[in-house]
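Encoded as structure tokens, the structure appears first; notes follow it.
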Amino acid sequence: MPIRQKLSRLEAKPKKVLLSPTFRDPSGIARNDDFAKTVDHIRRCIANGTPLPSGYYSKGAGLRSDTMLMNFGIMHLHLGR
């Protein structure tokens with residue numbers, strides 16, 4: 001059973017990063033160098049346990065409720081910073 005995310009920010013400890021073999025890229029992130037670099041930076045931070053810069057989180061992270069986090073255990077990040 002998957003572990004549900006409960007914290008509003010990722011813990012600064014190394015985590016295994018799994019890439020989905022079925023991921024589709026309808027937005028074309030892989031074709032946009034800036035977004036591709038951002039996704040790679042996030043992936044490396046998570047894998048190495050490096051804290052993510054605050055710009056990747058909602059401005060209200062930890063201050064107000066996050067419906068996706070509370071209901072589904074899913075944290076979302078802001079790629080555009």
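Within each chain, counting starts at residue 1; across the structure tokens, chains are named A, B, ... in the order shown, with ligands numbered 1 upward in that order.
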
Problem - Contact residues around range 32-48 of chain A with only C-alpha atoms at 7 Å, ignoring same-chain residues under 6 positions, as a ChimeraX atom specification - result: /A:14-17,79

Exercise for the section: Have a look at A:Met70, A:Leu19, A:Ala12, A:Ile29 and name the one nearest to Gly49 in chain A; count only C-alpha atoms. Expected result: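 Counting only C-alpha atoms, the residue closest to Gly49 in chain A is A:Ala12.
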
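One distance worth recording is that between CA of Tyr57 in chain A and CA of Asn71 in chain A, which is 18.0 Å.
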
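Interatomic distance, CA of Asp25 in chain A against CA of Glu11 in chain A: 26.9 Å.
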
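Reported to one decimal place, the separation of CA of His76 in chain A from CA of Phe23 in chain A is 15.9 Å.
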
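For the choices A:Ser27, A:Gly73, A:Arg9, A:Thr22, the atom-to-atom distance to Ser54 in chain A is smallest for A:Arg9 when using only C-alpha atoms.
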
Problem - For Lys13 in chain A, the nearest of the candidates A:Leu69, A:Arg31, A:Pro26, A:Pro51, counting only C-alpha atoms - result: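 Using only C-alpha atoms, the shortest distance to Lys13 in chain A belongs to A:Pro51.
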